[in-house]
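Undergrad: Sharing run-v2.pdb, PDB, N, CA and C atoms, pLDDT in the B column:
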```pdb
ATOM      1  N   MET S   1       0.847  -1.171   0.000  1.00 51.00           N
ATOM      2  CA  MET S   1       0.000   0.000   0.000  1.00 51.00           C
ATOM      3  C   MET S   1       0.890   1.231   0.000  1.00 51.00           C
ATOM      4  N   SER S   2       0.519   2.185  -0.818  1.00 58.00           N
ATOM      5  CA  SER S   2       1.287   3.420  -0.838  1.00 58.00           C
ATOM      6  C   SER S   2       0.866   4.309   0.326  1.00 58.00           C
ATOM      7  N   ASP S   3       1.699   5.302   0.612  1.00 79.00           N
ATOM      8  CA  ASP S   3       1.373   6.241   1.677  1.00 79.00           C
ATOM      9  C   ASP S   3       0.077   6.964   1.355  1.00 79.00           C
ATOM     10  N   ILE S   4      -0.629   7.343   2.398  1.00 83.00           N
ATOM     11  CA  ILE S   4      -1.865   8.086   2.227  1.00 83.00           C
ATOM     12  C   ILE S   4      -1.508   9.517   1.849  1.00 83.00           C
ATOM     13  N   LYS S   5      -2.015   9.958   0.728  1.00 87.00           N
ATOM     14  CA  LYS S   5      -1.783  11.319   0.245  1.00 87.00           C
ATOM     15  C   LYS S   5      -3.101  12.068   0.284  1.00 87.00           C
ATOM     16  N   LEU S   6      -3.131  13.163   0.999  1.00 92.00           N
ATOM     17  CA  LEU S   6      -4.332  13.983   1.087  1.00 92.00           C
ATOM     18  C   LEU S   6      -4.167  15.223   0.223  1.00 92.00           C
ATOM     19  N   SER S   7      -5.264  15.653  -0.353  1.00 94.00           N
ATOM     20  CA  SER S   7      -5.217  16.907  -1.098  1.00 94.00           C
ATOM     21  C   SER S   7      -5.003  18.046  -0.099  1.00 94.00           C
ATOM     22  N   LYS S   8      -4.543  19.176  -0.599  1.00 95.00           N
ATOM     23  CA  LYS S   8      -4.354  20.338   0.272  1.00 95.00           C
ATOM     24  C   LYS S   8      -5.658  20.729   0.942  1.00 95.00           C
ATOM     25  N   GLU S   9      -6.755  20.633   0.186  1.00 97.00           N
ATOM     26  CA  GLU S   9      -8.056  20.997   0.722  1.00 97.00           C
ATOM     27  C   GLU S   9      -8.471  20.063   1.856  1.00 97.00           C
ATOM     28  N   ASP S  10      -8.292  18.752   1.650  1.00 96.00           N
ATOM     29  CA  ASP S  10      -8.643  17.784   2.694  1.00 96.00           C
ATOM     30  C   ASP S  10      -7.764  17.965   3.928  1.00 96.00           C
ATOM     31  N   HIS S  11      -6.485  18.194   3.698  1.00 96.00           N
ATOM     32  CA  HIS S  11      -5.550  18.380   4.810  1.00 96.00           C
ATOM     33  C   HIS S  11      -5.942  19.624   5.611  1.00 96.00           C
ATOM     34  N   ALA S  12      -6.259  20.699   4.916  1.00 96.00           N
ATOM     35  CA  ALA S  12      -6.664  21.937   5.592  1.00 96.00           C
ATOM     36  C   ALA S  12      -7.972  21.744   6.355  1.00 96.00           C
ATOM     37  N   TRP S  13      -8.913  21.019   5.748  1.00 97.00           N
ATOM     38  CA  TRP S  13     -10.194  20.765   6.409  1.00 97.00           C
ATOM     39  C   TRP S  13      -9.979  19.951   7.679  1.00 97.00           C
ATOM     40  N   LEU S  14      -9.167  18.895   7.585  1.00 97.00           N
ATOM     41  CA  LEU S  14      -8.885  18.074   8.764  1.00 97.00           C
ATOM     42  C   LEU S  14      -8.180  18.887   9.844  1.00 97.00           C
ATOM     43  N   ALA S  15      -7.226  19.707   9.454  1.00 97.00           N
ATOM     44  CA  ALA S  15      -6.506  20.539  10.433  1.00 97.00           C
ATOM     45  C   ALA S  15      -7.482  21.457  11.158  1.00 97.00           C
ATOM     46  N   GLU S  16      -8.403  22.025  10.411  1.00 97.00           N
ATOM     47  CA  GLU S  16      -9.414  22.900  11.018  1.00 97.00           C
ATOM     48  C   GLU S  16     -10.294  22.128  11.998  1.00 97.00           C
ATOM     49  N   ARG S  17     -10.693  20.924  11.611  1.00 98.00           N
ATOM     50  CA  ARG S  17     -11.526  20.090  12.486  1.00 98.00           C
ATOM     51  C   ARG S  17     -10.770  19.699  13.754  1.00 98.00           C
ATOM     52  N   ILE S  18      -9.493  19.372  13.623  1.00 97.00           N
ATOM     53  CA  ILE S  18      -8.681  19.008  14.786  1.00 97.00           C
ATOM     54  C   ILE S  18      -8.530  20.200  15.717  1.00 97.00           C
ATOM     55  N   GLN S  19      -8.256  21.354  15.152  1.00 98.00           N
ATOM     56  CA  GLN S  19      -8.126  22.558  15.973  1.00 98.00           C
ATOM     57  C   GLN S  19      -9.437  22.858  16.702  1.00 98.00           C
ATOM     58  N   SER S  20     -10.534  22.711  16.013  1.00 97.00           N
ATOM     59  CA  SER S  20     -11.843  22.946  16.621  1.00 97.00           C
ATOM     60  C   SER S  20     -12.107  21.951  17.746  1.00 97.00           C
ATOM     61  N   TYR S  21     -11.763  20.684  17.517  1.00 97.00           N
ATOM     62  CA  TYR S  21     -11.960  19.646  18.534  1.00 97.00           C
ATOM     63  C   TYR S  21     -11.123  19.951  19.778  1.00 97.00           C
ATOM     64  N   PHE S  22      -9.869  20.250  19.578  1.00 97.00           N
ATOM     65  CA  PHE S  22      -8.993  20.549  20.713  1.00 97.00           C
ATOM     66  C   PHE S  22      -9.516  21.743  21.503  1.00 97.00           C
ATOM     67  N   ASN S  23     -10.015  22.731  20.776  1.00 97.00           N
ATOM     68  CA  ASN S  23     -10.510  23.937  21.425  1.00 97.00           C
ATOM     69  C   ASN S  23     -11.795  23.653  22.209  1.00 97.00           C
ATOM     70  N   SER S  24     -12.763  22.991  21.591  1.00 97.00           N
ATOM     71  CA  SER S  24     -14.060  22.793  22.237  1.00 97.00           C
ATOM     72  C   SER S  24     -14.070  21.651  23.243  1.00 97.00           C
ATOM     73  N   GLU S  25     -13.378  20.573  22.971  1.00 97.00           N
ATOM     74  CA  GLU S  25     -13.440  19.395  23.839  1.00 97.00           C
ATOM     75  C   GLU S  25     -12.331  19.345  24.888  1.00 97.00           C
ATOM     76  N   LEU S  26     -11.175  19.887  24.549  1.00 96.00           N
ATOM     77  CA  LEU S  26     -10.033  19.801  25.463  1.00 96.00           C
ATOM     78  C   LEU S  26      -9.620  21.157  26.017  1.00 96.00           C
ATOM     79  N   ASP S  27     -10.326  22.189  25.569  1.00 97.00           N
ATOM     80  CA  ASP S  27     -10.040  23.566  26.000  1.00 97.00           C
ATOM     81  C   ASP S  27      -8.567  23.905  25.793  1.00 97.00           C
ATOM     82  N   GLN S  28      -8.040  23.512  24.648  1.00 97.00           N
ATOM     83  CA  GLN S  28      -6.654  23.791  24.287  1.00 97.00           C
ATOM     84  C   GLN S  28      -6.612  24.348  22.875  1.00 97.00           C
ATOM     85  N   ASP S  29      -5.764  25.315  22.685  1.00 96.00           N
ATOM     86  CA  ASP S  29      -5.532  25.831  21.342  1.00 96.00           C
ATOM     87  C   ASP S  29      -4.275  25.182  20.781  1.00 96.00           C
ATOM     88  N   ILE S  30      -4.402  24.654  19.570  1.00 96.00           N
ATOM     89  CA  ILE S  30      -3.203  24.136  18.899  1.00 96.00           C
ATOM     90  C   ILE S  30      -3.109  24.848  17.553  1.00 96.00           C
ATOM     91  N   GLY S  31      -1.904  24.999  17.108  1.00 97.00           N
ATOM     92  CA  GLY S  31      -1.668  25.699  15.853  1.00 97.00           C
ATOM     93  C   GLY S  31      -1.895  24.803  14.657  1.00 97.00           C
ATOM     94  N   ASN S  32      -1.864  25.402  13.507  1.00 96.00           N
ATOM     95  CA  ASN S  32      -2.063  24.686  12.262  1.00 96.00           C
ATOM     96  C   ASN S  32      -0.965  23.646  12.028  1.00 96.00           C
ATOM     97  N   MET S  33       0.274  24.000  12.379  1.00 96.00           N
ATOM     98  CA  MET S  33       1.377  23.042  12.205  1.00 96.00           C
ATOM     99  C   MET S  33       1.192  21.823  13.101  1.00 96.00           C
ATOM    100  N   ASP S  34       0.810  22.048  14.370  1.00 97.00           N
ATOM    101  CA  ASP S  34       0.591  20.920  15.273  1.00 97.00           C
ATOM    102  C   ASP S  34      -0.553  20.040  14.780  1.00 97.00           C
ATOM    103  N   ALA S  35      -1.612  20.662  14.295  1.00 97.00           N
ATOM    104  CA  ALA S  35      -2.727  19.890  13.741  1.00 97.00           C
ATOM    105  C   ALA S  35      -2.247  19.088  12.529  1.00 97.00           C
ATOM    106  N   GLY S  36      -1.400  19.690  11.708  1.00 96.00           N
ATOM    107  CA  GLY S  36      -0.843  18.991  10.553  1.00 96.00           C
ATOM    108  C   GLY S  36       0.011  17.806  10.951  1.00 96.00           C
ATOM    109  N   PHE S  37       0.801  17.964  12.012  1.00 96.00           N
ATOM    110  CA  PHE S  37       1.610  16.845  12.507  1.00 96.00           C
ATOM    111  C   PHE S  37       0.718  15.706  12.999  1.00 96.00           C
ATOM    112  N   LEU S  38      -0.394  16.051  13.647  1.00 96.00           N
ATOM    113  CA  LEU S  38      -1.331  15.020  14.097  1.00 96.00           C
ATOM    114  C   LEU S  38      -1.940  14.280  12.914  1.00 96.00           C
ATOM    115  N   ILE S  39      -2.302  15.027  11.889  1.00 96.00           N
ATOM    116  CA  ILE S  39      -2.856  14.389  10.693  1.00 96.00           C
ATOM    117  C   ILE S  39      -1.845  13.410  10.106  1.00 96.00           C
ATOM    118  N   ASP S  40      -0.605  13.846   9.978  1.00 94.00           N
ATOM    119  CA  ASP S  40       0.438  12.972   9.426  1.00 94.00           C
ATOM    120  C   ASP S  40       0.648  11.734  10.290  1.00 94.00           C
ATOM    121  N   PHE S  41       0.639  11.921  11.607  1.00 95.00           N
ATOM    122  CA  PHE S  41       0.807  10.796  12.528  1.00 95.00           C
ATOM    123  C   PHE S  41      -0.331   9.794  12.373  1.00 95.00           C
ATOM    124  N   PHE S  42      -1.572  10.293  12.376  1.00 94.00           N
ATOM    125  CA  PHE S  42      -2.708   9.382  12.263  1.00 94.00           C
ATOM    126  C   PHE S  42      -2.787   8.744  10.883  1.00 94.00           C
ATOM    127  N   ALA S  43      -2.422   9.481   9.849  1.00 93.00           N
ATOM    128  CA  ALA S  43      -2.419   8.896   8.507  1.00 93.00           C
ATOM    129  C   ALA S  43      -1.430   7.735   8.439  1.00 93.00           C
ATOM    130  N   GLU S  44      -0.300   7.888   9.095  1.00 93.00           N
ATOM    131  CA  GLU S  44       0.732   6.842   9.073  1.00 93.00           C
ATOM    132  C   GLU S  44       0.374   5.659   9.963  1.00 93.00           C
ATOM    133  N   THR S  45      -0.182   5.933  11.148  1.00 94.00           N
ATOM    134  CA  THR S  45      -0.423   4.850  12.100  1.00 94.00           C
ATOM    135  C   THR S  45      -1.831   4.270  12.013  1.00 94.00           C
ATOM    136  N   ALA S  46      -2.847   5.112  11.957  1.00 94.00           N
ATOM    137  CA  ALA S  46      -4.225   4.627  11.928  1.00 94.00           C
ATOM    138  C   ALA S  46      -4.729   4.446  10.505  1.00 94.00           C
ATOM    139  N   GLY S  47      -4.151   5.168   9.561  1.00 93.00           N
ATOM    140  CA  GLY S  47      -4.597   5.093   8.177  1.00 93.00           C
ATOM    141  C   GLY S  47      -4.669   3.671   7.644  1.00 93.00           C
ATOM    142  N   PRO S  48      -3.618   2.857   7.813  1.00 93.00           N
ATOM    143  CA  PRO S  48      -3.679   1.490   7.309  1.00 93.00           C
ATOM    144  C   PRO S  48      -4.783   0.649   7.952  1.00 93.00           C
ATOM    145  N   VAL S  49      -5.096   0.916   9.209  1.00 95.00           N
ATOM    146  CA  VAL S  49      -6.162   0.178   9.884  1.00 95.00           C
ATOM    147  C   VAL S  49      -7.504   0.470   9.207  1.00 95.00           C
ATOM    148  N   PHE S  50      -7.781   1.752   8.983  1.00 94.00           N
ATOM    149  CA  PHE S  50      -9.027   2.135   8.327  1.00 94.00           C
ATOM    150  C   PHE S  50      -9.053   1.676   6.869  1.00 94.00           C
ATOM    151  N   TYR S  51      -7.928   1.771   6.212  1.00 94.00           N
ATOM    152  CA  TYR S  51      -7.820   1.330   4.819  1.00 94.00           C
ATOM    153  C   TYR S  51      -8.133  -0.160   4.704  1.00 94.00           C
ATOM    154  N   ASN S  52      -7.506  -0.956   5.571  1.00 95.00           N
ATOM    155  CA  ASN S  52      -7.720  -2.401   5.542  1.00 95.00           C
ATOM    156  C   ASN S  52      -9.170  -2.753   5.854  1.00 95.00           C
ATOM    157  N   GLN S  53      -9.790  -2.037   6.795  1.00 97.00           N
ATOM    158  CA  GLN S  53     -11.198  -2.282   7.091  1.00 97.00           C
ATOM    159  C   GLN S  53     -12.058  -1.934   5.888  1.00 97.00           C
ATOM    160  N   GLY S  54     -11.724  -0.865   5.205  1.00 96.00           N
ATOM    161  CA  GLY S  54     -12.442  -0.500   3.991  1.00 96.00           C
ATOM    162  C   GLY S  54     -12.342  -1.581   2.929  1.00 96.00           C
ATOM    163  N   LEU S  55     -11.151  -2.177   2.802  1.00 96.00           N
ATOM    164  CA  LEU S  55     -10.983  -3.279   1.849  1.00 96.00           C
ATOM    165  C   LEU S  55     -11.837  -4.482   2.242  1.00 96.00           C
ATOM    166  N   ARG S  56     -11.858  -4.805   3.535  1.00 98.00           N
ATOM    167  CA  ARG S  56     -12.682  -5.934   4.001  1.00 98.00           C
ATOM    168  C   ARG S  56     -14.162  -5.661   3.748  1.00 98.00           C
ATOM    169  N   ASP S  57     -14.598  -4.432   4.027  1.00 98.00           N
ATOM    170  CA  ASP S  57     -15.996  -4.066   3.776  1.00 98.00           C
ATOM    171  C   ASP S  57     -16.326  -4.185   2.291  1.00 98.00           C
ATOM    172  N   ALA S  58     -15.421  -3.725   1.433  1.00 98.00           N
ATOM    173  CA  ALA S  58     -15.637  -3.805  -0.011  1.00 98.00           C
ATOM    174  C   ALA S  58     -15.676  -5.260  -0.468  1.00 98.00           C
ATOM    175  N   GLN S  59     -14.840  -6.098   0.131  1.00 97.00           N
ATOM    176  CA  GLN S  59     -14.809  -7.513  -0.239  1.00 97.00           C
ATOM    177  C   GLN S  59     -16.130  -8.193   0.119  1.00 97.00           C
ATOM    178  N   VAL S  60     -16.684  -7.866   1.283  1.00 97.00           N
ATOM    179  CA  VAL S  60     -17.975  -8.431   1.686  1.00 97.00           C
ATOM    180  C   VAL S  60     -19.065  -7.991   0.713  1.00 97.00           C
ATOM    181  N   LEU S  61     -19.080  -6.710   0.379  1.00 97.00           N
ATOM    182  CA  LEU S  61     -20.076  -6.192  -0.552  1.00 97.00           C
ATOM    183  C   LEU S  61     -19.945  -6.859  -1.914  1.00 97.00           C
ATOM    184  N   LEU S  62     -18.721  -6.970  -2.395  1.00 97.00           N
ATOM    185  CA  LEU S  62     -18.495  -7.598  -3.691  1.00 97.00           C
ATOM    186  C   LEU S  62     -18.931  -9.064  -3.673  1.00 97.00           C
ATOM    187  N   SER S  63     -18.656  -9.772  -2.592  1.00 96.00           N
ATOM    188  CA  SER S  63     -19.069 -11.175  -2.481  1.00 96.00           C
ATOM    189  C   SER S  63     -20.585 -11.298  -2.551  1.00 96.00           C
ATOM    190  N   ARG S  64     -21.292 -10.383  -1.857  1.00 95.00           N
ATOM    191  CA  ARG S  64     -22.763 -10.407  -1.899  1.00 95.00           C
ATOM    192  C   ARG S  64     -23.269 -10.151  -3.313  1.00 95.00           C
ATOM    193  N   LYS S  65     -22.669  -9.167  -3.976  1.00 96.00           N
ATOM    194  CA  LYS S  65     -23.104  -8.835  -5.334  1.00 96.00           C
ATOM    195  C   LYS S  65     -22.826  -9.988  -6.292  1.00 96.00           C
ATOM    196  N   LEU S  66     -21.677 -10.643  -6.143  1.00 96.00           N
ATOM    197  CA  LEU S  66     -21.354 -11.780  -7.012  1.00 96.00           C
ATOM    198  C   LEU S  66     -22.305 -12.939  -6.748  1.00 96.00           C
ATOM    199  N   GLU S  67     -22.700 -13.118  -5.512  1.00 95.00           N
ATOM    200  CA  GLU S  67     -23.660 -14.162  -5.175  1.00 95.00           C
ATOM    201  C   GLU S  67     -25.002 -13.864  -5.850  1.00 95.00           C
ATOM    202  N   ASP S  68     -25.400 -12.583  -5.839  1.00 93.00           N
ATOM    203  CA  ASP S  68     -26.638 -12.187  -6.514  1.00 93.00           C
ATOM    204  C   ASP S  68     -26.553 -12.470  -8.014  1.00 93.00           C
ATOM    205  N   VAL S  69     -25.419 -12.155  -8.620  1.00 94.00           N
ATOM    206  CA  VAL S  69     -25.232 -12.402 -10.054  1.00 94.00           C
ATOM    207  C   VAL S  69     -25.282 -13.901 -10.333  1.00 94.00           C
ATOM    208  N   THR S  70     -24.642 -14.683  -9.487  1.00 94.00           N
ATOM    209  CA  THR S  70     -24.652 -16.139  -9.653  1.00 94.00           C
ATOM    210  C   THR S  70     -26.072 -16.672  -9.580  1.00 94.00           C
ATOM    211  N   ASP S  71     -26.854 -16.168  -8.623  1.00 92.00           N
ATOM    212  CA  ASP S  71     -28.252 -16.584  -8.510  1.00 92.00           C
ATOM    213  C   ASP S  71     -29.038 -16.204  -9.754  1.00 92.00           C
ATOM    214  N   GLU S  72     -28.831 -14.985 -10.257  1.00 92.00           N
ATOM    215  CA  GLU S  72     -29.519 -14.534 -11.464  1.00 92.00           C
ATOM    216  C   GLU S  72     -29.155 -15.387 -12.668  1.00 92.00           C
ATOM    217  N   LEU S  73     -27.871 -15.726 -12.784  1.00 92.00           N
ATOM    218  CA  LEU S  73     -27.441 -16.564 -13.907  1.00 92.00           C
ATOM    219  C   LEU S  73     -28.040 -17.963 -13.801  1.00 92.00           C
ATOM    220  N   SER S  74     -28.097 -18.501 -12.610  1.00 91.00           N
ATOM    221  CA  SER S  74     -28.705 -19.821 -12.420  1.00 91.00           C
ATOM    222  C   SER S  74     -30.177 -19.794 -12.797  1.00 91.00           C
ATOM    223  N   ALA S  75     -30.861 -18.713 -12.463  1.00 90.00           N
ATOM    224  CA  ALA S  75     -32.285 -18.595 -12.791  1.00 90.00           C
ATOM    225  C   ALA S  75     -32.509 -18.497 -14.300  1.00 90.00           C
ATOM    226  N   MET S  76     -31.501 -18.095 -15.027  1.00 91.00           N
ATOM    227  CA  MET S  76     -31.628 -17.954 -16.487  1.00 91.00           C
ATOM    228  C   MET S  76     -31.383 -19.261 -17.237  1.00 91.00           C
ATOM    229  N   GLU S  77     -30.903 -20.284 -16.538  1.00 89.00           N
ATOM    230  CA  GLU S  77     -30.608 -21.550 -17.222  1.00 89.00           C
ATOM    231  C   GLU S  77     -31.874 -22.131 -17.844  1.00 89.00           C
ATOM    232  N   LYS S  78     -31.699 -22.686 -18.997  1.00 87.00           N
ATOM    233  CA  LYS S  78     -32.805 -23.320 -19.712  1.00 87.00           C
ATOM    234  C   LYS S  78     -32.932 -24.768 -19.233  1.00 87.00           C
ATOM    235  N   LEU S  79     -34.169 -25.196 -19.085  1.00 82.00           N
ATOM    236  CA  LEU S  79     -34.391 -26.599 -18.736  1.00 82.00           C
ATOM    237  C   LEU S  79     -34.173 -27.455 -19.982  1.00 82.00           C
ATOM    238  N   LEU S  80     -33.556 -28.574 -19.794  1.00 85.00           N
ATOM    239  CA  LEU S  80     -33.343 -29.487 -20.902  1.00 85.00           C
ATOM    240  C   LEU S  80     -34.649 -30.238 -21.186  1.00 85.00           C
ATOM    241  N   PRO S  81     -34.933 -30.453 -22.453  1.00 86.00           N
ATOM    242  CA  PRO S  81     -36.139 -31.237 -22.743  1.00 86.00           C
ATOM    243  C   PRO S  81     -35.958 -32.657 -22.232  1.00 86.00           C
ATOM    244  N   SER S  82     -37.019 -33.204 -21.728  1.00 83.00           N
ATOM    245  CA  SER S  82     -36.923 -34.559 -21.175  1.00 83.00           C
ATOM    246  C   SER S  82     -36.796 -35.578 -22.306  1.00 83.00           C
ATOM    247  N   LYS S  83     -36.036 -36.609 -22.055  1.00 73.00           N
ATOM    248  CA  LYS S  83     -35.842 -37.680 -23.046  1.00 73.00           C
ATOM    249  C   LYS S  83     -36.972 -38.677 -22.882  1.00 73.00           C
ATOM    250  N   ARG S  84     -37.470 -39.160 -23.949  1.00 66.00           N
ATOM    251  CA  ARG S  84     -38.572 -40.118 -23.887  1.00 66.00           C
ATOM    252  C   ARG S  84     -38.100 -41.469 -24.285  1.00 66.00           C
TER     253      ARG S  84
END
```
Hey, can you dump this file as structure tokens for me?

TA:
Amino acid sequence: MSDIKLSKEDHAWLAERIQSYFNSELDQDIGNMDAGFLIDFFAETAGPVFYNQGLRDAQVLLSRKLEDVTDELSAMEKLLPSKR
């Protein structure tokens, strides 16, 4: 898996959310750089955990969809004429 790369917009949005959280929930002000360091830390350490869970979720969904397709294909089978 490659490193998680965030767009500048996403990174800025996350930094703003982290700063807001620290301010409202922890009554602490943190700067934009500190929020950015937290984003980088979580992207490196927690990112793979969330990524892997996303892959597992996608695999379950895909398995269900393939099962549905298999059922549909089975329903389309033609009955063979009976031999007399």

Undergrad: Figure out the distance between CA of Arg56 (chain S) and CA of Glu9 (chain S), please, to one decimal in Å.

TA: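 Answer for the CA of Glu9 (chain S) to CA of Arg56 (chain S) separation: 27.5 Å.
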
Undergrad: As an exercise, work out the distance from CA of Gln19 (chain S) to CA of Asp40 (chain S) in Å and give it to one decimal place.

TA: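 Between CA of Gln19 (chain S) and CA of Asp40 (chain S) the gap works out to 14.4 Å.
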
Undergrad: Kindly list the centre and edge lengths in Å, rounded to one decimal, for the axis-aligned box that covers all listed atoms of region 19-36 of chain S plus 5 Å on each of its six sides, as AutoDock Vina command-line options.

TA:
```
--center_x -6.3 --center_y 21.8 --center_z 18.3 --size_x 25.4 --size_y 18.0 --size_z 25.5
```

Undergrad: Point out the residue among S:Leu55, S:Ala35, S:Val60, S:Ala75 with the least atom-to-atom distance to Glu16 (chain S), counting all atoms listed in the file.

TA: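 Checking each of S:Leu55, S:Ala35, S:Val60, S:Ala75 against Glu16 (chain S), counting all atoms listed in the file, the winner is S:Ala35.
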
Undergrad: Work out how far apart atom N of Asp29 (chain S) and atom C of Ala15 (chain S) are and give it in Å to one decimal.

TA: 12.3 Å

Undergrad: From the list S:Glu44, S:Ser7, S:Leu38, S:Ser74, which residue is nearest Phe22 (chain S) when using only C-alpha atoms?

TA: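 Closest residue, counting only C-alpha atoms: S:Leu38.
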
Undergrad: Taking the chain letters and numbering used in this document, name the residues of chain S that DSSP puts in alpha helix (DSSP H), as a count of residues only.

TA: 62

Undergrad: Smallest atom-to-atom distance to Leu14 (chain S): which of S:Ile39, S:Glu67, S:Gly47, S:Gln53, using all atoms listed in the file?

TA: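 Looking only at the distances to Leu14 (chain S), the closest residue turns out to be S:Ile39.
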
Undergrad: Identify which of the residues S:Asn52, S:Ile18, S:Glu77, S:Lys8 lies closest to Ile30 (chain S), counting only C-alpha atoms when measuring atom-to-atom distances.

TA: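 Of S:Asn52, S:Ile18, S:Glu77, S:Lys8, the one nearest Ile30 (chain S) is S:Ile18, counting only C-alpha atoms.
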